>>> print(open('run.cif').read())   # mmCIF, C-alpha atoms
data_my_file
#
loop_
_atom_site.label_atom_id
_atom_site.label_comp_id
_atom_site.auth_asym_id
_atom_site.auth_seq_id
_atom_site.Cartn_x
_atom_site.Cartn_y
_atom_site.Cartn_z
CA MET A 1 0.00 0.00 0.00
CA SER A 2 1.44 3.38 -0.97
CA GLU A 3 1.79 5.56 2.11
CA GLY A 4 1.44 8.75 0.07
CA ASP A 5 -1.68 7.79 -1.88
CA PRO A 6 -4.71 9.68 -0.47
CA ALA A 7 -7.12 7.12 -1.92
CA ASP A 8 -5.34 4.34 -0.03
CA VAL A 9 -5.37 6.37 3.18
CA ILE A 10 -9.10 7.03 2.83
CA GLU A 11 -9.71 3.31 2.41
CA LEU A 12 -7.51 2.59 5.42
CA VAL A 13 -9.43 5.07 7.56
CA ARG A 14 -12.72 3.54 6.42
CA ARG A 15 -11.56 0.07 7.47
CA ARG A 16 -9.87 1.15 10.70
CA ARG A 17 -12.23 3.91 11.79
CA GLY A 18 -13.15 1.95 14.91
CA VAL A 19 -9.56 2.08 16.18
CA LEU A 20 -9.25 5.77 15.32
CA GLY A 21 -12.48 6.57 17.12
CA ALA A 22 -11.42 4.60 20.18
CA LEU A 23 -8.17 6.57 20.42
CA GLU A 24 -9.78 10.00 20.20
CA SER A 25 -10.21 10.24 23.96
CA GLY A 26 -6.53 9.55 24.60
CA GLU A 27 -3.94 6.80 24.79
CA ALA A 28 -5.06 3.19 25.02
CA ARG A 29 -3.37 -0.17 25.26
CA LYS A 30 -4.19 -2.87 22.77
CA GLU A 31 -6.03 -4.80 25.49
CA ASP A 32 -8.24 -1.73 26.04
CA LEU A 33 -8.97 -1.49 22.34
CA VAL A 34 -10.01 -5.15 22.24
CA ASP A 35 -12.52 -4.50 25.03
CA ARG A 36 -13.83 -1.20 23.62
CA LEU A 37 -14.27 -2.49 20.08
CA ASP A 38 -15.32 -6.03 21.00
CA VAL A 39 -13.02 -7.52 18.37
CA SER A 40 -10.19 -10.01 18.44
CA ARG A 41 -6.64 -9.16 19.47
CA SER A 42 -5.43 -10.00 15.97
CA THR A 43 -7.86 -7.47 14.47
CA VAL A 44 -6.56 -4.76 16.79
CA ASP A 45 -2.95 -5.74 16.05
CA ARG A 46 -3.52 -5.40 12.30
CA GLY A 47 -5.38 -2.12 12.70
CA VAL A 48 -2.75 -0.52 14.90
CA GLN A 49 0.01 -1.77 12.63
CA ASP A 50 -1.61 -0.38 9.48
CA LEU A 51 -2.35 3.00 11.08
CA THR A 52 1.12 3.26 12.59
CA ARG A 53 2.76 2.48 9.25
CA HIS A 54 0.85 5.39 7.69
CA GLY A 55 1.72 7.81 10.47
CA LEU A 56 -1.81 8.09 11.83
CA VAL A 57 -1.15 6.31 15.13
CA GLU A 58 1.97 6.17 17.31
CA ARG A 59 3.09 4.58 20.56
CA GLY A 60 2.79 6.86 23.57
CA ALA A 61 3.89 6.61 27.19
CA SER A 62 1.12 4.25 28.23
CA GLY A 63 -0.36 2.90 25.02
CA TYR A 64 -1.19 4.00 21.48
CA ARG A 65 -2.50 7.41 20.47
CA LEU A 66 -3.49 9.40 17.42
CA THR A 67 -0.84 11.52 15.79
CA LEU A 68 -1.72 15.03 14.68
CA ALA A 69 -2.00 13.68 11.14
CA GLY A 70 -4.29 10.94 12.39
CA ARG A 71 -6.61 13.38 14.12
CA LEU A 72 -6.76 15.70 11.10
CA VAL A 73 -7.33 12.88 8.62
CA PHE A 74 -10.05 11.32 10.79
CA ASP A 75 -11.80 14.69 11.18
CA GLU A 76 -11.77 15.19 7.40
CA TYR A 77 -12.98 11.65 6.78
CA ARG A 78 -15.97 12.14 9.04
CA ARG A 79 -16.75 15.51 7.45
CA PHE A 80 -16.54 13.84 4.03
CA ARG A 81 -18.89 11.07 5.14
CA ARG A 82 -21.43 13.52 6.55
CA ARG A 83 -21.45 15.55 3.36
CA ILE A 84 -21.76 12.52 1.13
CA ASP A 85 -24.62 11.30 3.33
CA GLY A 86 -26.27 14.72 2.97
CA VAL A 87 -26.12 14.50 -0.82
CA VAL A 88 -27.14 10.86 -1.13
CA GLY A 89 -29.96 11.27 1.36
CA ASN A 90 -31.41 14.19 -0.58
CA VAL A 91 -31.12 13.09 -4.20
CA HIS A 92 -34.88 13.59 -4.58
CA VAL A 93 -34.51 17.23 -3.52
CA LEU A 94 -31.45 17.89 -5.68
CA SER A 95 -33.34 16.54 -8.69
CA LEU A 96 -35.34 19.79 -8.61
CA LEU A 97 -32.19 21.66 -9.67
CA ALA A 98 -30.14 21.62 -12.86
CA PRO A 99 -26.76 19.83 -12.77
CA ASP A 100 -24.79 23.07 -13.13
CA VAL A 101 -26.32 24.90 -10.13
CA PRO A 102 -23.38 26.12 -7.98
CA LEU A 103 -24.53 24.42 -4.79
CA GLN A 104 -22.02 23.26 -2.18
CA THR A 105 -22.20 20.05 -0.18
CA ALA A 106 -21.91 22.09 3.03
CA VAL A 107 -25.50 23.26 2.53
CA LEU A 108 -26.76 19.69 3.01
CA ASP A 109 -24.41 18.78 5.85
CA ALA A 110 -26.54 18.46 9.00
CA ALA A 111 -29.32 20.35 7.23
CA THR A 112 -33.02 20.48 7.96
CA VAL A 113 -34.74 19.32 4.78
CA VAL A 114 -38.50 19.25 4.34
CA THR A 115 -40.58 18.63 1.24
CA ALA A 116 -44.11 19.45 0.26
CA ASP A 117 -46.69 16.77 -0.36
CA LYS A 118 -50.42 16.66 -1.00
CA HIS A 119 -51.14 16.54 2.73
CA ALA A 120 -48.76 19.38 3.67
CA PRO A 121 -48.15 21.52 0.58
CA TYR A 122 -47.03 24.59 2.54
CA ARG A 123 -44.33 23.04 4.71
CA PRO A 124 -41.35 24.58 2.81
CA ALA A 125 -42.88 28.09 2.97
CA ALA A 126 -43.66 27.63 6.67
CA HIS A 127 -40.03 26.88 7.47
CA VAL A 128 -38.89 30.10 5.79
CA ALA A 129 -41.50 32.01 7.78
CA ASP A 130 -40.13 30.43 10.96
CA ILE A 131 -36.66 31.81 10.22
CA VAL A 132 -38.09 35.26 9.53
CA ASP A 133 -40.10 35.10 12.77
CA ARG A 134 -36.86 34.79 14.74
CA ALA A 135 -34.68 37.15 12.69
CA THR A 136 -33.37 40.61 13.54
CA HIS A 137 -32.04 41.22 10.03
CA VAL A 138 -32.39 39.36 6.73
CA ARG A 139 -30.92 39.52 3.26
CA ALA A 140 -33.04 37.51 0.87
CA PHE A 141 -33.50 36.68 -2.79
CA ALA A 142 -36.96 35.82 -4.09
CA SER A 143 -37.77 34.40 -7.50
CA ALA A 144 -41.39 33.69 -6.58
CA LEU A 145 -43.99 35.55 -4.55
CA VAL A 146 -45.33 33.62 -1.56
CA PRO A 147 -48.25 35.47 0.10
CA LYS A 148 -47.48 33.92 3.50
CA HIS A 149 -43.98 35.38 3.33
CA VAL A 150 -45.27 38.82 2.39
CA ASP A 151 -47.53 38.84 5.45
CA THR A 152 -44.78 37.56 7.73
CA TYR A 153 -42.26 40.12 6.54
CA ARG A 154 -44.76 42.98 6.83
CA GLU A 155 -45.61 42.08 10.41
CA ARG A 156 -42.00 41.67 11.47
CA ILE A 157 -40.83 44.85 9.70
CA VAL A 158 -43.72 47.16 10.61
CA GLU A 159 -44.56 45.91 14.08
CA GLU A 160 -41.33 44.41 15.41
CA GLY A 161 -38.47 46.36 13.82
CA LEU A 162 -36.97 43.76 11.50
CA SER A 163 -34.53 45.26 8.98
CA ALA A 164 -34.32 43.64 5.56
CA GLU A 165 -32.59 43.70 2.20
CA PHE A 166 -34.47 42.08 -0.65
CA VAL A 167 -33.38 41.18 -4.16
CA LEU A 168 -36.38 40.44 -6.36
CA THR A 169 -36.87 39.39 -9.94
CA ASP A 170 -38.79 41.75 -12.21
CA GLU A 171 -41.76 39.39 -12.14
CA VAL A 172 -41.88 39.38 -8.35
CA VAL A 173 -41.64 43.17 -8.25
CA GLU A 174 -44.63 43.49 -10.57
CA LEU A 175 -46.70 41.02 -8.52
CA LEU A 176 -45.75 42.72 -5.27
CA VAL A 177 -46.90 46.12 -6.48
CA ALA A 178 -50.07 44.74 -8.03
CA SER A 179 -51.18 42.42 -5.22
CA HIS A 180 -49.59 43.60 -1.98
CA ALA A 181 -49.40 47.38 -2.28
CA ASP A 182 -50.47 48.07 1.31
CA ALA A 183 -47.91 45.72 2.84
CA LEU A 184 -45.22 47.16 0.57
CA ARG A 185 -46.10 50.75 1.42
CA GLU A 186 -46.14 50.10 5.17
CA SER A 187 -42.84 48.23 5.09
CA LEU A 188 -41.05 50.88 3.04
CA ALA A 189 -42.34 53.64 5.33
CA THR A 190 -40.29 52.22 8.22
CA GLY A 191 -37.01 53.07 6.48
CA SER A 192 -35.71 49.61 7.44
CA VAL A 193 -36.05 48.04 4.01
CA GLU A 194 -33.86 48.19 0.91
CA MET A 195 -34.83 46.52 -2.35
CA ARG A 196 -33.09 45.73 -5.60
CA ARG A 197 -34.23 44.04 -8.77
CA VAL A 198 -32.49 41.62 -11.14
CA ASP A 199 -33.32 40.26 -14.57
CA GLU A 200 -31.82 36.78 -14.20
CA ALA A 201 -32.90 34.59 -11.34
CA LEU A 202 -31.31 31.99 -9.18
CA PRO A 203 -33.16 28.67 -9.50
CA PHE A 204 -34.17 28.89 -5.84
CA GLY A 205 -35.18 31.35 -3.16
CA LEU A 206 -32.59 32.14 -0.49
CA VAL A 207 -32.61 33.92 2.86
CA VAL A 208 -29.76 34.58 5.26
CA ALA A 209 -30.88 35.77 8.68
CA ASP A 210 -29.30 37.10 11.83
CA THR A 211 -31.13 35.74 14.88
CA PRO A 212 -30.51 35.99 18.63
CA ASP A 213 -29.10 32.45 18.45
CA GLY A 214 -26.79 33.14 15.50
CA ALA A 215 -26.97 33.18 11.71
CA GLU A 216 -29.23 30.84 9.73
CA MET A 217 -29.87 30.21 6.08
CA GLY A 218 -32.88 28.83 4.27
CA MET A 219 -33.24 27.79 0.64
CA VAL A 220 -36.52 27.10 -1.13
CA LEU A 221 -36.66 24.99 -4.28
CA TYR A 222 -39.51 25.49 -6.70
CA ALA A 223 -41.26 23.33 -9.27
CA ASP A 224 -44.41 24.09 -11.22
CA SER A 225 -44.55 27.57 -9.63
CA SER A 226 -44.81 26.17 -6.10
CA ALA A 227 -42.37 25.64 -3.24
CA ARG A 228 -41.42 21.96 -3.29
CA ALA A 229 -38.58 21.75 -0.74
CA PHE A 230 -36.82 23.68 1.98
CA VAL A 231 -33.19 23.30 3.06
CA GLY A 232 -32.14 25.05 6.26
CA ASN A 233 -28.77 25.16 7.97
CA ASP A 234 -26.86 27.10 10.62
CA THR A 235 -23.36 25.65 10.17
CA PRO A 236 -20.59 28.17 9.35
CA ASP A 237 -19.80 26.71 5.91
CA ALA A 238 -23.46 26.70 4.85
CA ILE A 239 -23.92 30.27 6.11
CA ALA A 240 -20.80 31.39 4.23
CA TRP A 241 -22.08 29.89 0.97
CA ALA A 242 -25.55 31.39 1.38
CA TRP A 243 -24.21 34.84 2.26
CA GLU A 244 -21.80 34.84 -0.68
CA THR A 245 -24.53 33.67 -3.05
CA VAL A 246 -27.19 36.18 -2.01
CA THR A 247 -24.66 39.01 -1.78
CA ASP A 248 -23.47 38.31 -5.33
CA VAL A 249 -27.05 38.73 -6.54
CA TRP A 250 -27.48 41.82 -4.35
CA ASP A 251 -24.36 43.42 -5.83
CA ARG A 252 -25.65 42.79 -9.36
CA GLY A 253 -29.10 44.12 -8.55
CA GLU A 254 -30.41 47.55 -9.50
CA PRO A 255 -31.70 49.67 -6.60
CA ILE A 256 -35.39 50.48 -6.97
CA SER A 257 -37.74 52.96 -5.41
CA PHE A 258 -41.42 52.08 -5.50
CA GLU A 259 -44.25 54.38 -6.33
CA VAL A 260 -47.20 52.65 -4.75
CA ASP A 261 -50.63 54.21 -5.08
#
>>> encode(input="run.cif", output="structure tokens")
Amino acid sequence: MSEGDPADVIELVRRRRGVLGALESGEARKEDLVDRLDVSRSTVDRGVQDLTRHGLVERGASGYRLTLAGRLVFDEYRRFRRRIDGVVGNVHVLSLLAPDVPLQTAVLDAATVVTADKHAPYRPAAHVADIVDRATHVRAFASALVPKHVDTYRERIVEEGLSAEFVLTDEVVELLVASHADALRESLATGSVEMRRVDEALPFGLVVADTPDGAEMGMVLYADSSARAFVGNDTPDAIAWAWETVTDVWDRGEPISFEVD
């Protein structure tokens, strides 16, 4: 086995992950590993030997322990597994998007994913509203107009002091003015709202929110003009992707000032 081949190391970590996990809490003798893992002594001997040969485990003062390389490789392996699990477990959701959508695996890592069905068609929209309910500031992109969201935003902005930055497609702007003029007028009158418009749309809706408990992101996937799935996350990598994505659209947007009768 080539010690410098990452593919071989990944396979080694997959096979010997039990030993690596057992050594995370500190040094352990081989006898301890046999008891913890409930495997034979020969299995532990082979595992420790393989991991030591690759520099992932070393002998310490009172047993075997992870090296720095071992800890880092094991951390990355588990992160890799979580992200692969996030993708594989949500193939049905990802099928709503085109193959070239610039989505990152971090968005699905430890994410909250809900889908609409005939018994609960509004579940994705309700999860976005839940984020807005808890937010102190939001920056959001909308490619579809969801009446529930308009009502939620108006209440939070007008009555509770939420500040917001919205990027809307031209179609959403027209619908907003035509169908929700009162809510728009009241929200703009607070001075806490900025809006921009864009011609080209992202293939999903996106909101990044500051909340008392930290930042959160929510993505809504559409099909047949309805919200079909929601993906929510509060991990740093997911937040970073969402903020970069919505800010890129914001920077390309054209500031607008509404004249609402």
>>> residues_near_point(input="run.cif", point="(-22.6, 34.8, -2.8)", cutoff="12 Å", atoms="all atoms listed in the file", output="list of chain:residue names")
A:Pro102, A:Leu103, A:Gln104, A:Arg139, A:Ala140, A:Phe141, A:Leu202, A:Leu206, A:Val207, A:Val208, A:Ala238, A:Ile239, A:Ala240, A:Trp241, A:Ala242, A:Trp243, A:Glu244, A:Thr245, A:Val246, A:Thr247, A:Asp248, A:Val249, A:Trp250, A:Asp251, A:Arg252
>>> residues_around(input="run.cif", residues="Val101 in chain A", least_positions_apart="3", cutoff="8 Å", atoms="all atoms listed in the file", output="mmCIF file with C-alpha atoms, keeping the file's coordinate frame")
data_model
loop_
_atom_site.group_PDB
_atom_site.id
_atom_site.type_symbol
_atom_site.label_atom_id
_atom_site.label_comp_id
_atom_site.auth_asym_id
_atom_site.auth_seq_id
_atom_site.Cartn_x
_atom_site.Cartn_y
_atom_site.Cartn_z
ATOM 1 C CA LEU A 97 -32.190 21.660 -9.670
ATOM 2 C CA ALA A 98 -30.140 21.620 -12.860
ATOM 3 C CA PRO A 203 -33.160 28.670 -9.500
#
>>> residues_around(input="run.cif", residues="Asp5 in chain A", least_positions_apart="6", cutoff="12 Å", atoms="all atoms listed in the file", output="ChimeraX atom specification")
/A:11-12,54
>>> residues_around(input="run.cif", residues="Arg65 in chain A", least_positions_apart="6", cutoff="10 Å", atoms="only C-alpha atoms", output="list of chain:residue names")
A:Val19, A:Leu20, A:Ala22, A:Leu23, A:Glu24, A:Ser25, A:Gly26, A:Glu27, A:Ala28, A:Arg29, A:Val48, A:Thr52, A:Leu56, A:Val57, A:Glu58, A:Arg59, A:Arg71
>>> write_last_selection(input="run.cif", atoms="C-alpha atoms", output="short mmCIF file (atom, residue, chain, number, x, y, z; two decimals), in the coordinates of the input")
data_model
loop_
_atom_site.label_atom_id
_atom_site.label_comp_id
_atom_site.auth_asym_id
_atom_site.auth_seq_id
_atom_site.Cartn_x
_atom_site.Cartn_y
_atom_site.Cartn_z
CA VAL A 19 -9.56 2.08 16.18
CA LEU A 20 -9.25 5.77 15.32
CA ALA A 22 -11.42 4.60 20.18
CA LEU A 23 -8.17 6.57 20.42
CA GLU A 24 -9.78 10.00 20.20
CA SER A 25 -10.21 10.24 23.96
CA GLY A 26 -6.53 9.55 24.60
CA GLU A 27 -3.94 6.80 24.79
CA ALA A 28 -5.06 3.19 25.02
CA ARG A 29 -3.37 -0.17 25.26
CA VAL A 48 -2.75 -0.52 14.90
CA THR A 52 1.12 3.26 12.59
CA LEU A 56 -1.81 8.09 11.83
CA VAL A 57 -1.15 6.31 15.13
CA GLU A 58 1.97 6.17 17.31
CA ARG A 59 3.09 4.58 20.56
CA ARG A 71 -6.61 13.38 14.12
#
>>> residues_near_point(input="run.cif", point="(-5.5, -6.4, 16.9)", cutoff="12 Å", atoms="only C-alpha atoms", output="PyMOL selection string")
chain A and resi 16+18-19+29-51
>>> resolve_selection(input="run.cif", expression="the PyMOL selection byres ((chain A and resi 229) around 6)", output="tab-separated table (two decimals) with C-alpha atoms, in the coordinates of the input")
chain	number	residue	atom	x	y	z
A	114	VAL	CA	-38.50	19.25	4.34
A	115	THR	CA	-40.58	18.63	1.24
A	124	PRO	CA	-41.35	24.58	2.81
A	220	VAL	CA	-36.52	27.10	-1.13
A	221	LEU	CA	-36.66	24.99	-4.28
A	227	ALA	CA	-42.37	25.64	-3.24
A	228	ARG	CA	-41.42	21.96	-3.29
A	230	PHE	CA	-36.82	23.68	1.98
>>> resolve_selection(input="run.cif", expression="the PyMOL selection byres ((chain A and resi 199) around 12)", output="PyMOL selection string")
chain A and resi 142-143+167-173+196-198+200-202+249-250+252-254
>>> resolve_selection(input="run.cif", expression="the PyMOL selection byres ((chain A and resi 161) around 12)", output="JSON list (two decimals) with C-alpha atoms, in the frame of the given file")
[["chain", "number", "residue", "atom", "x", "y", "z"],
["A", 132, "VAL", "CA", -38.09, 35.26, 9.53],
["A", 133, "ASP", "CA", -40.10, 35.10, 12.77],
["A", 134, "ARG", "CA", -36.86, 34.79, 14.74],
["A", 135, "ALA", "CA", -34.68, 37.15, 12.69],
["A", 136, "THR", "CA", -33.37, 40.61, 13.54],
["A", 137, "HIS", "CA", -32.04, 41.22, 10.03],
["A", 138, "VAL", "CA", -32.39, 39.36, 6.73],
["A", 153, "TYR", "CA", -42.26, 40.12, 6.54],
["A", 154, "ARG", "CA", -44.76, 42.98, 6.83],
["A", 155, "GLU", "CA", -45.61, 42.08, 10.41],
["A", 156, "ARG", "CA", -42.00, 41.67, 11.47],
["A", 157, "ILE", "CA", -40.83, 44.85, 9.70],
["A", 158, "VAL", "CA", -43.72, 47.16, 10.61],
["A", 159, "GLU", "CA", -44.56, 45.91, 14.08],
["A", 160, "GLU", "CA", -41.33, 44.41, 15.41],
["A", 162, "LEU", "CA", -36.97, 43.76, 11.50],
["A", 163, "SER", "CA", -34.53, 45.26, 8.98],
["A", 164, "ALA", "CA", -34.32, 43.64, 5.56],
["A", 187, "SER", "CA", -42.84, 48.23, 5.09],
["A", 188, "LEU", "CA", -41.05, 50.88, 3.04],
["A", 189, "ALA", "CA", -42.34, 53.64, 5.33],
["A", 190, "THR", "CA", -40.29, 52.22, 8.22],
["A", 191, "GLY", "CA", -37.01, 53.07, 6.48],
["A", 192, "SER", "CA", -35.71, 49.61, 7.44],
["A", 193, "VAL", "CA", -36.05, 48.04, 4.01]]
